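Trainee: The structure that follows is given in the form of structure tokens.
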Amino acid sequence: MPVLIIGDDAVRFLGLEMTLPYPRAYQTLFIALLGLLVLYPVLAIYPPLDALTDLFVGLVLVAAALASATNGTQFRITMGIAALGFVLGFGASLLSADVPALGAVGRLYGLAFLAYVAWHVLHDVVMVNRRVNAHMIYGALCVYLLIGLTFAFAFSALESVVPGAIAGLDEGSENRTPLGEFTYFSFVSLTTLGFGDFYPVSPLARTLSYSEAIIGQIYLTVVLARLVALYVAESRHD
């Protein structure tokens with residue numbers, strides 16, 4: 001039985017049929033993203049579970065395609081782009097020790113894909129939807145998590161090109177820093193926690209760090225303000 005069947009107006013994944021556009025796409029994407037973020041520290045403690053990363057990355061890719069597709073053709077294109085990124089990332093993990101540039105290419109590709117999905121969801125939440133509902137709230141939460149992951153890939157790509165750009169990172173096997181380390185640093189910057197265990201050293205790393213902090217604060221204030229304004233307006237109308 002095929003794992004994934006793509007029709008013109010519906011997708012069947014693992015026996016579950018989902019119409020396009022999928023009404024719970026943002027909820028599915030949020031759960032997949034949250035699962036991936038929770039998985040990173042677990043893998044650091046139990047390396048034998050590393051195979052689960054590929055499973056959750058696959059779920060994130062499918063959920064991202066669902067969140068950014070309104071028909072079967074668009075879903076096929078997005079899945080094709082996501083699959084290419086998955087192959088590049090897998091190849092980079094195997095060959096980055098011999099070809100360092102390949103690791104940077106894989107990270108940059110992941111950055112571009114996540115940024116595209118984040119922009120599509122943000123446009124849908126801010127510009128298309130006019131009612132504050134659960135779908136809209138999950139979309140807003142997805143964008144916030146996607147911002148953090150996008151910058152994590154940016155920091156990872158920078159470290160591949162400029163080793164030592166971020167001080168305090170723990171190197172994994174074969175002198176490769178796990179993506180979870182960059183994810184931690186990214187969300188510390190996004191939320192302006194500033195623990196100080198990791199800190200940017202190179203000028204570009206510093207620029208990325210404070211840019212992410214600014215984006216995070218602007219996003220929370222502007223998007224939340226819009227959600228509140230829409231909610232208040234709808235309440236008065238009702």
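In the structure tokens, the first chain shown is A, the next is B, and so on; residue numbers restart at 1 for each chain, and ligands run from 1 in the order shown.
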With a cut-off of 7 Å, could you pull out the residues of segment 132-223 of chain A touching segment 19-30 of chain A and give me the nearest pair of atoms for each, distance in Å to one decimal, using only C-alpha atoms, ordered by chain and ascending number, as a Markdown table?
Mentor:
```
| residue | atom | partner | partner_atom | distance |
| --- | --- | --- | --- | --- |
| A:His135 | CA | A:Tyr26 | CA | 6.4 |
| A:Tyr138 | CA | A:Tyr26 | CA | 5.5 |
| A:Gly139 | CA | A:Tyr26 | CA | 5.1 |
| A:Cys142 | CA | A:Phe30 | CA | 5.3 |
```
Trainee: List as a PyMOL selection string the protein and nucleic acid residues near Leu146 of chain A, meaning an atom at most 12 Å away when only C-alpha atoms are counted, but skip any in the same chain fewer than 2 places from it.
Mentor: chain A and resi 26+29-30+32-34+36-37+60+64+110-122+139-144+148-153+183+186-187+190+212+216
Trainee: Using C-alpha atoms, can you export the residues from the last selection as an mmCIF file, in the first residue's frame?
Mentor:
```
data_model
loop_
_atom_site.group_PDB
_atom_site.id
_atom_site.type_symbol
_atom_site.label_atom_id
_atom_site.label_comp_id
_atom_site.auth_asym_id
_atom_site.auth_seq_id
_atom_site.Cartn_x
_atom_site.Cartn_y
_atom_site.Cartn_z
ATOM 1 C CA TYR A 26 -1.550 24.434 10.951
ATOM 2 C CA LEU A 29 2.395 21.467 11.515
ATOM 3 C CA PHE A 30 2.493 22.878 15.049
ATOM 4 C CA ALA A 32 5.188 18.192 14.191
ATOM 5 C CA LEU A 33 7.383 21.225 14.916
ATOM 6 C CA LEU A 34 6.886 20.904 18.655
ATOM 7 C CA LEU A 36 10.925 17.914 16.589
ATOM 8 C CA LEU A 37 11.974 20.552 19.126
ATOM 9 C CA VAL A 60 7.398 18.286 9.447
ATOM 10 C CA ALA A 64 4.643 22.053 5.890
ATOM 11 C CA GLY A 110 16.563 24.153 4.671
ATOM 12 C CA LEU A 111 16.637 27.831 5.623
ATOM 13 C CA ALA A 112 15.022 28.823 2.315
ATOM 14 C CA PHE A 113 12.310 26.160 2.570
ATOM 15 C CA LEU A 114 11.368 27.012 6.166
ATOM 16 C CA ALA A 115 11.383 30.726 5.369
ATOM 17 C CA TYR A 116 9.034 30.083 2.430
ATOM 18 C CA VAL A 117 6.603 28.098 4.586
ATOM 19 C CA ALA A 118 6.760 30.714 7.365
ATOM 20 C CA TRP A 119 6.020 33.518 4.897
ATOM 21 C CA HIS A 120 3.110 31.599 3.356
ATOM 22 C CA VAL A 121 1.532 30.871 6.755
ATOM 23 C CA LEU A 122 2.117 34.450 7.931
ATOM 24 C CA GLY A 139 -0.907 29.367 12.248
ATOM 25 C CA ALA A 140 0.485 32.239 14.301
ATOM 26 C CA LEU A 141 2.205 29.775 16.652
ATOM 27 C CA CYS A 142 3.676 27.890 13.687
ATOM 28 C CA VAL A 143 5.193 31.076 12.292
ATOM 29 C CA TYR A 144 6.905 31.799 15.617
ATOM 30 C CA GLY A 148 13.331 30.084 15.348
ATOM 31 C CA LEU A 149 14.101 27.056 13.173
ATOM 32 C CA THR A 150 14.894 29.228 10.148
ATOM 33 C CA PHE A 151 17.502 31.150 12.123
ATOM 34 C CA ALA A 152 18.826 27.864 13.526
ATOM 35 C CA PHE A 153 19.597 26.779 9.965
ATOM 36 C CA THR A 183 18.179 25.488 17.626
ATOM 37 C CA SER A 186 18.313 30.464 18.031
ATOM 38 C CA PHE A 187 15.367 30.313 20.429
ATOM 39 C CA LEU A 190 14.435 34.841 19.571
ATOM 40 C CA GLU A 212 16.306 37.526 15.255
ATOM 41 C CA GLY A 216 10.768 38.029 17.496
#
```
Trainee: Within 7 Å of segment 69-77 of chain A, counting only C-alpha atoms, which residues qualify if same-chain residues fewer than 5 places away don't, as a list in words?
Mentor: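 Counting only C-alpha atoms, the residues come to Ile6, Gly7, Asp8, Asp9, Ala10, Leu20 and Pro21 of chain A.
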Trainee: Rank A:Leu204, A:Leu145, A:Ile137, A:Leu158 by their smallest atom-to-atom distance to Tyr231 of chain A, using only C-alpha atoms, and report the top residue only.
Mentor: A:Ile137
Trainee: Could you pull out the residues in segment 46-221 of chain A that DSSP calls strand (DSSP E or B) from the backbone, as number ranges by chain?
Mentor: A: 166-167, 199-200
Trainee: With C-alpha atoms retained, export the selected residues as a compact mmCIF listing (two decimals), in the first residue's frame.
Mentor:
```txt
# COMPACT_ATOMS: atom_id res chain seq x y z
CA ILE A 166 29.41 31.16 17.73
CA ALA A 167 31.38 30.43 20.88
CA TYR A 199 27.40 33.90 22.27
CA PRO A 200 28.09 35.21 18.75
```
Trainee: Name the closest residue to Ala63 of chain A among the candidates A:Val42, A:Val87, A:Met18, A:Ala205; distances are taken between atoms, counting only C-alpha atoms.
Mentor: A:Met18
Trainee: Would you kindly return, as a short mmCIF file (atom, residue, chain, number, x, y, z; two decimals) with C-alpha atoms, in the first residue's frame, each protein, DNA or RNA residue with an atom no farther than 12 Å from any atom of Ala225 of chain A, considering only C-alpha atoms and excluding same-chain residues fewer than 6 positions away?
Mentor:
```cif
data_model
loop_
_atom_site.label_atom_id
_atom_site.label_comp_id
_atom_site.auth_asym_id
_atom_site.auth_seq_id
_atom_site.Cartn_x
_atom_site.Cartn_y
_atom_site.Cartn_z
CA VAL A 126 -2.35 38.25 8.58
CA VAL A 132 -9.79 34.77 15.02
CA ALA A 140 0.49 32.24 14.30
CA GLN A 217 9.69 41.08 19.48
CA ILE A 218 8.08 42.80 16.50
CA TYR A 219 6.24 39.60 15.59
CA TYR A 231 -11.11 39.50 18.42
CA VAL A 232 -12.39 42.72 20.01
#
```
Trainee: Kindly indicate which residue among A:Ala154, A:Val105, A:Ile147, A:Leu179 lies nearest to Leu43 of chain A, using only C-alpha atoms for the distances.
Mentor: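 Smallest separation from Leu43 of chain A among the options: A:Leu179.
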